[in-house]
Structure formats: C-alpha cells, structure tokens
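K.L.:
The structure file final-v3.pdb (PDB, N, CA and C atoms) is provided below.
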```
ATOM      1  N   MET A  26      97.878 113.965 115.420
ATOM      2  CA  MET A  26      97.670 112.862 114.504
ATOM      3  C   MET A  26      96.184 112.503 114.487
ATOM      4  N   GLY A  27      95.593 112.394 113.288
ATOM      5  CA  GLY A  27      94.183 112.056 113.156
ATOM      6  C   GLY A  27      93.916 110.578 113.384
ATOM      7  N   LYS A  28      92.656 110.261 113.508
ATOM      8  CA  LYS A  28      92.279 108.856 113.669
ATOM      9  C   LYS A  28      92.453 108.126 112.347
ATOM     10  N   HIS A  29      92.887 106.883 112.447
ATOM     11  CA  HIS A  29      93.047 106.055 111.259
ATOM     12  C   HIS A  29      91.865 105.113 111.157
ATOM     13  N   LEU A  30      91.534 104.752 109.943
ATOM     14  CA  LEU A  30      90.429 103.848 109.743
ATOM     15  C   LEU A  30      90.663 102.985 108.521
ATOM     16  N   VAL A  31      89.918 101.902 108.465
ATOM     17  CA  VAL A  31      89.919 101.058 107.285
ATOM     18  C   VAL A  31      88.722 101.485 106.465
ATOM     19  N   GLY A  32      88.975 101.966 105.276
ATOM     20  CA  GLY A  32      87.903 102.364 104.374
ATOM     21  C   GLY A  32      87.734 101.330 103.277
ATOM     22  N   ASN A  33      86.710 101.484 102.490
ATOM     23  CA  ASN A  33      86.482 100.511 101.426
ATOM     24  C   ASN A  33      85.735 101.139 100.255
ATOM     25  N   HIS A  34      85.751 100.404  99.160
ATOM     26  CA  HIS A  34      85.058 100.811  97.941
ATOM     27  C   HIS A  34      83.923  99.831  97.628
ATOM     28  N   ILE A  35      83.378  99.204  98.651
ATOM     29  CA  ILE A  35      82.397  98.134  98.446
ATOM     30  C   ILE A  35      81.171  98.612  97.686
ATOM     31  N   ARG A  36      80.599  99.711  98.103
ATOM     32  CA  ARG A  36      79.370 100.190  97.442
ATOM     33  C   ARG A  36      79.625 100.428  95.958
ATOM     34  N   LYS A  37      80.698 101.119  95.634
ATOM     35  CA  LYS A  37      81.036 101.398  94.237
ATOM     36  C   LYS A  37      81.263 100.096  93.466
ATOM     37  N   LEU A  38      81.952  99.160  94.087
ATOM     38  CA  LEU A  38      82.234  97.889  93.425
ATOM     39  C   LEU A  38      80.963  97.069  93.197
ATOM     40  N   ARG A  39      80.050  97.116  94.147
ATOM     41  CA  ARG A  39      78.788  96.387  93.959
ATOM     42  C   ARG A  39      78.056  96.899  92.725
ATOM     43  N   PHE A  40      78.002  98.214  92.573
ATOM     44  CA  PHE A  40      77.271  98.787  91.448
ATOM     45  C   PHE A  40      77.985  98.569  90.123
ATOM     46  N   SER A  41      79.300  98.485  90.149
ATOM     47  CA  SER A  41      80.029  98.226  88.909
ATOM     48  C   SER A  41      80.085  96.737  88.574
ATOM     49  N   ASN A  42      79.554  95.902  89.450
ATOM     50  CA  ASN A  42      79.466  94.465  89.214
ATOM     51  C   ASN A  42      78.002  94.064  89.040
ATOM     52  N   ASN A  43      77.407  94.551  87.968
ATOM     53  CA  ASN A  43      76.011  94.239  87.645
ATOM     54  C   ASN A  43      75.046  94.599  88.757
ATOM     55  N   GLU A  44      75.327  95.696  89.441
ATOM     56  CA  GLU A  44      74.472  96.169  90.533
ATOM     57  C   GLU A  44      74.188  95.064  91.547
ATOM     58  N   MET A  45      75.264  94.407  91.964
ATOM     59  CA  MET A  45      75.168  93.354  92.975
ATOM     60  C   MET A  45      74.493  93.913  94.222
ATOM     61  N   THR A  46      73.576  93.165  94.778
ATOM     62  CA  THR A  46      72.895  93.621  95.989
ATOM     63  C   THR A  46      73.765  93.354  97.216
ATOM     64  N   GLN A  47      73.421  94.012  98.286
ATOM     65  CA  GLN A  47      74.117  93.758  99.554
ATOM     66  C   GLN A  47      73.941  92.303  99.959
ATOM     67  N   GLN A  48      72.759  91.754  99.737
ATOM     68  CA  GLN A  48      72.498  90.365 100.101
ATOM     69  C   GLN A  48      73.336  89.409  99.260
ATOM     70  N   GLN A  49      73.471  89.683  97.975
ATOM     71  CA  GLN A  49      74.295  88.825  97.116
ATOM     72  C   GLN A  49      75.746  88.824  97.582
ATOM     73  N   LEU A  50      76.264  89.998  97.917
ATOM     74  CA  LEU A  50      77.639  90.067  98.407
ATOM     75  C   LEU A  50      77.757  89.356  99.746
ATOM     76  N   ALA A  51      76.796  89.558 100.620
ATOM     77  CA  ALA A  51      76.806  88.894 101.920
ATOM     78  C   ALA A  51      76.842  87.376 101.743
ATOM     79  N   ASP A  52      76.031  86.859 100.828
ATOM     80  CA  ASP A  52      76.003  85.421 100.580
ATOM     81  C   ASP A  52      77.359  84.918 100.082
ATOM     82  N   LYS A  53      77.974  85.662  99.176
ATOM     83  CA  LYS A  53      79.287  85.269  98.643
ATOM     84  C   LYS A  53      80.371  85.304  99.719
ATOM     85  N   ALA A  54      80.259  86.269 100.636
ATOM     86  CA  ALA A  54      81.281  86.445 101.670
ATOM     87  C   ALA A  54      80.991  85.632 102.928
ATOM     88  N   GLY A  55      79.785  85.085 103.023
ATOM     89  CA  GLY A  55      79.430  84.279 104.179
ATOM     90  C   GLY A  55      79.120  85.084 105.434
ATOM     91  N   VAL A  56      78.504  86.257 105.227
ATOM     92  CA  VAL A  56      78.116  87.115 106.352
ATOM     93  C   VAL A  56      76.671  87.553 106.160
ATOM     94  N   THR A  57      76.151  88.317 107.098
ATOM     95  CA  THR A  57      74.792  88.841 106.971
ATOM     96  C   THR A  57      74.798  90.123 106.149
ATOM     97  N   ARG A  58      73.627  90.467 105.648
ATOM     98  CA  ARG A  58      73.489  91.728 104.912
ATOM     99  C   ARG A  58      73.807  92.901 105.831
ATOM    100  N   GLN A  59      73.453  92.778 107.109
ATOM    101  CA  GLN A  59      73.724  93.851 108.065
ATOM    102  C   GLN A  59      75.222  94.119 108.195
ATOM    103  N   THR A  60      76.036  93.084 108.057
ATOM    104  CA  THR A  60      77.492  93.271 108.097
ATOM    105  C   THR A  60      77.945  94.104 106.908
ATOM    106  N   ILE A  61      77.403  93.830 105.742
ATOM    107  CA  ILE A  61      77.753  94.604 104.545
ATOM    108  C   ILE A  61      77.314  96.053 104.708
ATOM    109  N   VAL A  62      76.121  96.262 105.259
ATOM    110  CA  VAL A  62      75.624  97.624 105.512
ATOM    111  C   VAL A  62      76.600  98.367 106.425
ATOM    112  N   ALA A  63      77.008  97.728 107.517
ATOM    113  CA  ALA A  63      77.928  98.361 108.471
ATOM    114  C   ALA A  63      79.271  98.671 107.822
ATOM    115  N   LEU A  64      79.769  97.771 106.984
ATOM    116  CA  LEU A  64      81.029  98.015 106.280
ATOM    117  C   LEU A  64      80.912  99.212 105.348
ATOM    118  N   GLU A  65      79.844  99.257 104.574
ATOM    119  CA  GLU A  65      79.660 100.359 103.621
ATOM    120  C   GLU A  65      79.535 101.703 104.327
ATOM    121  N   LYS A  66      78.911 101.715 105.486
ATOM    122  CA  LYS A  66      78.759 102.963 106.244
ATOM    123  C   LYS A  66      80.026 103.352 106.989
ATOM    124  N   GLY A  67      81.005 102.460 107.038
ATOM    125  CA  GLY A  67      82.233 102.735 107.761
ATOM    126  C   GLY A  67      82.101 102.534 109.257
ATOM    127  N   ASN A  68      81.071 101.814 109.680
ATOM    128  CA  ASN A  68      80.846 101.570 111.101
ATOM    129  C   ASN A  68      81.540 100.315 111.602
ATOM    130  N   TYR A  69      82.172  99.581 110.703
ATOM    131  CA  TYR A  69      82.750  98.295 111.062
ATOM    132  C   TYR A  69      83.979  98.051 110.215
ATOM    133  N   SER A  70      85.067  97.633 110.841
ATOM    134  CA  SER A  70      86.272  97.219 110.130
ATOM    135  C   SER A  70      86.305  95.699 110.119
ATOM    136  N   PRO A  71      86.439  95.109 108.948
ATOM    137  CA  PRO A  71      86.374  93.657 108.864
ATOM    138  C   PRO A  71      87.624  92.979 109.403
ATOM    139  N   SER A  72      87.467  91.722 109.765
ATOM    140  CA  SER A  72      88.637  90.914 110.089
ATOM    141  C   SER A  72      89.435  90.744 108.798
ATOM    142  N   LEU A  73      90.668  90.343 108.924
ATOM    143  CA  LEU A  73      91.490  90.118 107.744
ATOM    144  C   LEU A  73      90.875  89.027 106.869
ATOM    145  N   GLU A  74      90.371  87.980 107.505
ATOM    146  CA  GLU A  74      89.748  86.894 106.745
ATOM    147  C   GLU A  74      88.541  87.399 105.958
ATOM    148  N   LEU A  75      87.674  88.172 106.589
ATOM    149  CA  LEU A  75      86.503  88.697 105.896
ATOM    150  C   LEU A  75      86.911  89.643 104.770
ATOM    151  N   ALA A  76      87.901  90.461 104.998
ATOM    152  CA  ALA A  76      88.372  91.369 103.952
ATOM    153  C   ALA A  76      88.816  90.585 102.720
ATOM    154  N   PHE A  77      89.535  89.496 102.932
ATOM    155  CA  PHE A  77      89.961  88.657 101.808
ATOM    156  C   PHE A  77      88.765  87.999 101.119
ATOM    157  N   ARG A  78      87.773  87.554 101.892
ATOM    158  CA  ARG A  78      86.594  86.920 101.287
ATOM    159  C   ARG A  78      85.817  87.919 100.432
ATOM    160  N   ILE A  79      85.706  89.153 100.903
ATOM    161  CA  ILE A  79      85.014  90.179 100.119
ATOM    162  C   ILE A  79      85.798  90.518  98.857
ATOM    163  N   ALA A  80      87.096  90.678  98.985
ATOM    164  CA  ALA A  80      87.926  90.954  97.807
ATOM    165  C   ALA A  80      87.798  89.816  96.796
ATOM    166  N   ARG A  81      87.791  88.590  97.271
ATOM    167  CA  ARG A  81      87.643  87.427  96.385
ATOM    168  C   ARG A  81      86.276  87.443  95.695
ATOM    169  N   ALA A  82      85.237  87.902  96.386
ATOM    170  CA  ALA A  82      83.902  87.978  95.780
ATOM    171  C   ALA A  82      83.898  88.914  94.577
ATOM    172  N   PHE A  83      84.770  89.909  94.592
ATOM    173  CA  PHE A  83      84.892  90.848  93.472
ATOM    174  C   PHE A  83      86.012  90.451  92.506
ATOM    175  N   ASN A  84      86.730  89.365  92.809
ATOM    176  CA  ASN A  84      87.886  88.939  92.004
ATOM    177  C   ASN A  84      88.927  90.049  91.893
ATOM    178  N   LEU A  85      89.175  90.713  93.022
ATOM    179  CA  LEU A  85      90.130  91.815  93.070
ATOM    180  C   LEU A  85      91.122  91.597  94.196
ATOM    181  N   PRO A  86      92.310  92.204  94.075
ATOM    182  CA  PRO A  86      93.241  92.176  95.199
ATOM    183  C   PRO A  86      92.674  92.978  96.371
ATOM    184  N   LEU A  87      93.070  92.625  97.556
ATOM    185  CA  LEU A  87      92.583  93.256  98.782
ATOM    186  C   LEU A  87      92.694  94.779  98.733
ATOM    187  N   GLU A  88      93.825  95.280  98.262
ATOM    188  CA  GLU A  88      94.070  96.724  98.279
ATOM    189  C   GLU A  88      93.214  97.503  97.270
ATOM    190  N   GLU A  89      92.512  96.818  96.379
ATOM    191  CA  GLU A  89      91.596  97.508  95.474
ATOM    192  C   GLU A  89      90.190  97.609  96.069
ATOM    193  N   VAL A  90      89.963  96.896  97.167
ATOM    194  CA  VAL A  90      88.667  96.936  97.842
ATOM    195  C   VAL A  90      88.750  97.750  99.126
ATOM    196  N   PHE A  91      89.853  97.577  99.863
ATOM    197  CA  PHE A  91      90.026  98.229 101.161
ATOM    198  C   PHE A  91      91.251  99.133 101.146
ATOM    199  N   PHE A  92      91.209 100.157 101.984
ATOM    200  CA  PHE A  92      92.366 101.044 102.154
ATOM    201  C   PHE A  92      92.453 101.456 103.607
ATOM    202  N   TYR A  93      93.627 101.877 103.999
ATOM    203  CA  TYR A  93      93.869 102.330 105.363
ATOM    204  C   TYR A  93      94.378 103.748 105.266
ATOM    205  N   GLY A  94      93.761 104.654 106.008
ATOM    206  CA  GLY A  94      94.200 106.031 105.895
ATOM    207  C   GLY A  94      93.744 106.903 107.038
ATOM    208  N   ASP A  95      94.201 108.112 107.008
ATOM    209  CA  ASP A  95      93.858 109.126 108.004
ATOM    210  C   ASP A  95      92.498 109.697 107.632
ATOM    211  N   ASN A  96      91.497 109.539 108.504
ATOM    212  CA  ASN A  96      90.155 109.974 108.138
ATOM    213  C   ASN A  96      90.009 111.487 108.031
ATOM    214  N   SER A  97      90.974 112.245 108.507
ATOM    215  CA  SER A  97      90.893 113.700 108.352
ATOM    216  C   SER A  97      91.193 114.102 106.912
ATOM    217  N   LYS A  98      91.709 113.171 106.104
ATOM    218  CA  LYS A  98      92.044 113.457 104.706
ATOM    219  C   LYS A  98      91.049 112.816 103.768
ATOM    220  N   LEU A  99      90.056 112.111 104.299
ATOM    221  CA  LEU A  99      89.080 111.422 103.434
ATOM    222  C   LEU A  99      87.907 112.311 103.127
TER     223      LEU A  99
END
```
What would the structure in this file look like if it were written as structure tokens?
P.N.:
Amino acid sequence: MGKHLVGNHIRKLRFSNNEMTQQQLADKAGVTRQTIVALEKGNYSPSLELAFRIARAFNLPLEEVFFYGDNSKL
C-alpha cells in the first residue's frame, strides 16, 4: 500500500482567480505566505479548519480545493 497524502489545487485556483498572489490568499485564510508555499509544494497538510478557510477564500466546496489519494498514482 502506497503512502496517502492530502493534495490540493491551490496554485491552479490562485491563477484562475485573477492571478491571486500567495500573500492575498494567506491574508484571506489568516495564515502566513510561507504556509501557502508549503501547502502548494505538498510539504504540509492543513488542519480541517484551515482547509475550510482556504476553500471559502475561493468560494468553493472543500473537495474542489483538496483531495486525498495514494501518492503513487499522482
């Protein structure tokens, strides 16, 4: 069984939302820009609360921003 991870579409969503900067998203979500960088690189899995705040920043359901899957298939 491969390792599981929480993945996301944050980078793609930022660019499809008027090229939102990492700092703008961080401000909306109430975190640092470094947190957004770590999320986009896949180095950090957000808390459930943060995941909801980020999804809300994009006005999208959670599952359209984040996904859970086997990283051997990504």
K.L.:
Among segment 28-94 of chain A, which ones does DSSP assign to helix (DSSP H, G or I) (computed from the backbone)? Answer as a PyMOL selection string.
P.N.:
chain A and resi 35-41+47-54+58-66+73-82+87-90
K.L.:
How would you write, as an MDAnalysis selection string, the set of residues in chain A that DSSP gives as strand (DSSP E)?
P.N.:
chainID A and resid 29:33 91:95
K.L.:
List the residues matched by the PyMOL selection byres (((chain A and resi 49-52 and name CA) around 10) and name CA) in the displayed structure as a JSON list (two decimals) with N, CA and C atoms, in the coordinates of the input, ordered by chain and then by residue number.
P.N.:
```
[["chain", "number", "residue", "atom", "x", "y", "z"],
["A", 35, "ILE", "N", 83.38, 99.20, 98.65],
["A", 35, "ILE", "CA", 82.40, 98.13, 98.45],
["A", 35, "ILE", "C", 81.17, 98.61, 97.69],
["A", 39, "ARG", "N", 80.05, 97.12, 94.15],
["A", 39, "ARG", "CA", 78.79, 96.39, 93.96],
["A", 39, "ARG", "C", 78.06, 96.90, 92.72],
["A", 44, "GLU", "N", 75.33, 95.70, 89.44],
["A", 44, "GLU", "CA", 74.47, 96.17, 90.53],
["A", 44, "GLU", "C", 74.19, 95.06, 91.55],
["A", 45, "MET", "N", 75.26, 94.41, 91.96],
["A", 45, "MET", "CA", 75.17, 93.35, 92.98],
["A", 45, "MET", "C", 74.49, 93.91, 94.22],
["A", 46, "THR", "N", 73.58, 93.16, 94.78],
["A", 46, "THR", "CA", 72.90, 93.62, 95.99],
["A", 46, "THR", "C", 73.76, 93.35, 97.22],
["A", 47, "GLN", "N", 73.42, 94.01, 98.29],
["A", 47, "GLN", "CA", 74.12, 93.76, 99.55],
["A", 47, "GLN", "C", 73.94, 92.30, 99.96],
["A", 48, "GLN", "N", 72.76, 91.75, 99.74],
["A", 48, "GLN", "CA", 72.50, 90.36, 100.10],
["A", 48, "GLN", "C", 73.34, 89.41, 99.26],
["A", 53, "LYS", "N", 77.97, 85.66, 99.18],
["A", 53, "LYS", "CA", 79.29, 85.27, 98.64],
["A", 53, "LYS", "C", 80.37, 85.30, 99.72],
["A", 54, "ALA", "N", 80.26, 86.27, 100.64],
["A", 54, "ALA", "CA", 81.28, 86.44, 101.67],
["A", 54, "ALA", "C", 80.99, 85.63, 102.93],
["A", 55, "GLY", "N", 79.78, 85.08, 103.02],
["A", 55, "GLY", "CA", 79.43, 84.28, 104.18],
["A", 55, "GLY", "C", 79.12, 85.08, 105.43],
["A", 56, "VAL", "N", 78.50, 86.26, 105.23],
["A", 56, "VAL", "CA", 78.12, 87.12, 106.35],
["A", 56, "VAL", "C", 76.67, 87.55, 106.16],
["A", 57, "THR", "N", 76.15, 88.32, 107.10],
["A", 57, "THR", "CA", 74.79, 88.84, 106.97],
["A", 57, "THR", "C", 74.80, 90.12, 106.15],
["A", 58, "ARG", "N", 73.63, 90.47, 105.65],
["A", 58, "ARG", "CA", 73.49, 91.73, 104.91],
["A", 58, "ARG", "C", 73.81, 92.90, 105.83],
["A", 59, "GLN", "N", 73.45, 92.78, 107.11],
["A", 59, "GLN", "CA", 73.72, 93.85, 108.06],
["A", 59, "GLN", "C", 75.22, 94.12, 108.20],
["A", 60, "THR", "N", 76.04, 93.08, 108.06],
["A", 60, "THR", "CA", 77.49, 93.27, 108.10],
["A", 60, "THR", "C", 77.94, 94.10, 106.91],
["A", 61, "ILE", "N", 77.40, 93.83, 105.74],
["A", 61, "ILE", "CA", 77.75, 94.60, 104.54],
["A", 61, "ILE", "C", 77.31, 96.05, 104.71],
["A", 62, "VAL", "N", 76.12, 96.26, 105.26],
["A", 62, "VAL", "CA", 75.62, 97.62, 105.51],
["A", 62, "VAL", "C", 76.60, 98.37, 106.42],
["A", 78, "ARG", "N", 87.77, 87.55, 101.89],
["A", 78, "ARG", "CA", 86.59, 86.92, 101.29],
["A", 78, "ARG", "C", 85.82, 87.92, 100.43],
["A", 79, "ILE", "N", 85.71, 89.15, 100.90],
["A", 79, "ILE", "CA", 85.01, 90.18, 100.12],
["A", 79, "ILE", "C", 85.80, 90.52, 98.86],
["A", 82, "ALA", "N", 85.24, 87.90, 96.39],
["A", 82, "ALA", "CA", 83.90, 87.98, 95.78],
["A", 82, "ALA", "C", 83.90, 88.91, 94.58],
["A", 83, "PHE", "N", 84.77, 89.91, 94.59],
["A", 83, "PHE", "CA", 84.89, 90.85, 93.47],
["A", 83, "PHE", "C", 86.01, 90.45, 92.51]]
```
K.L.:
Using the chain letters and numbers from the file, which residues does the PyMOL selection byres ((chain A and resi 34) around 8) grab, as a PyMOL selection string?
P.N.:
chain A and resi 31-33+35-40+64-65+89-92
K.L.:
Interatomic distance between atom N of Gly94 of chain A and atom C of Asn42 of chain A?
P.N.:
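We find that atom N of Gly94 of chain A and atom C of Asn42 of chain A lie 25.5 Å from each other.
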K.L.:
In Å to one decimal, how far is atom C of Tyr93 of chain A from atom C of Asn43 of chain A?
P.N.:
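Atom C of Asn43 of chain A sits 27.0 Å away from atom C of Tyr93 of chain A.
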K.L.:
Which residues are near Leu87 of chain A? Cut-off 6.5 Å, only N, CA and C atoms, ignore same chain within fewer than 6 positions. Put them as a list in words.
P.N.:
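Neighbouring residues, sequence-local ones excluded: Ala76, Phe77 and Ala80 of chain A.
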K.L.:
May I ask for the distance between atom CA of Ser41 of chain A and atom CA of Leu75 of chain A, given in Å to one decimal place?
P.N.:
20.5 Å
K.L.:
Determine the axis-aligned bounding box of all atoms of segment 48-63 of chain A present in the file, pad each side by 3 Å, and express its centre and edge lengths in Å to one decimal place as AutoDock Vina command-line options.
P.N.:
```
--center_x 76.9 --center_y 91.5 --center_z 102.8 --size_x 14.8 --size_y 20.4 --size_z 17.4
```
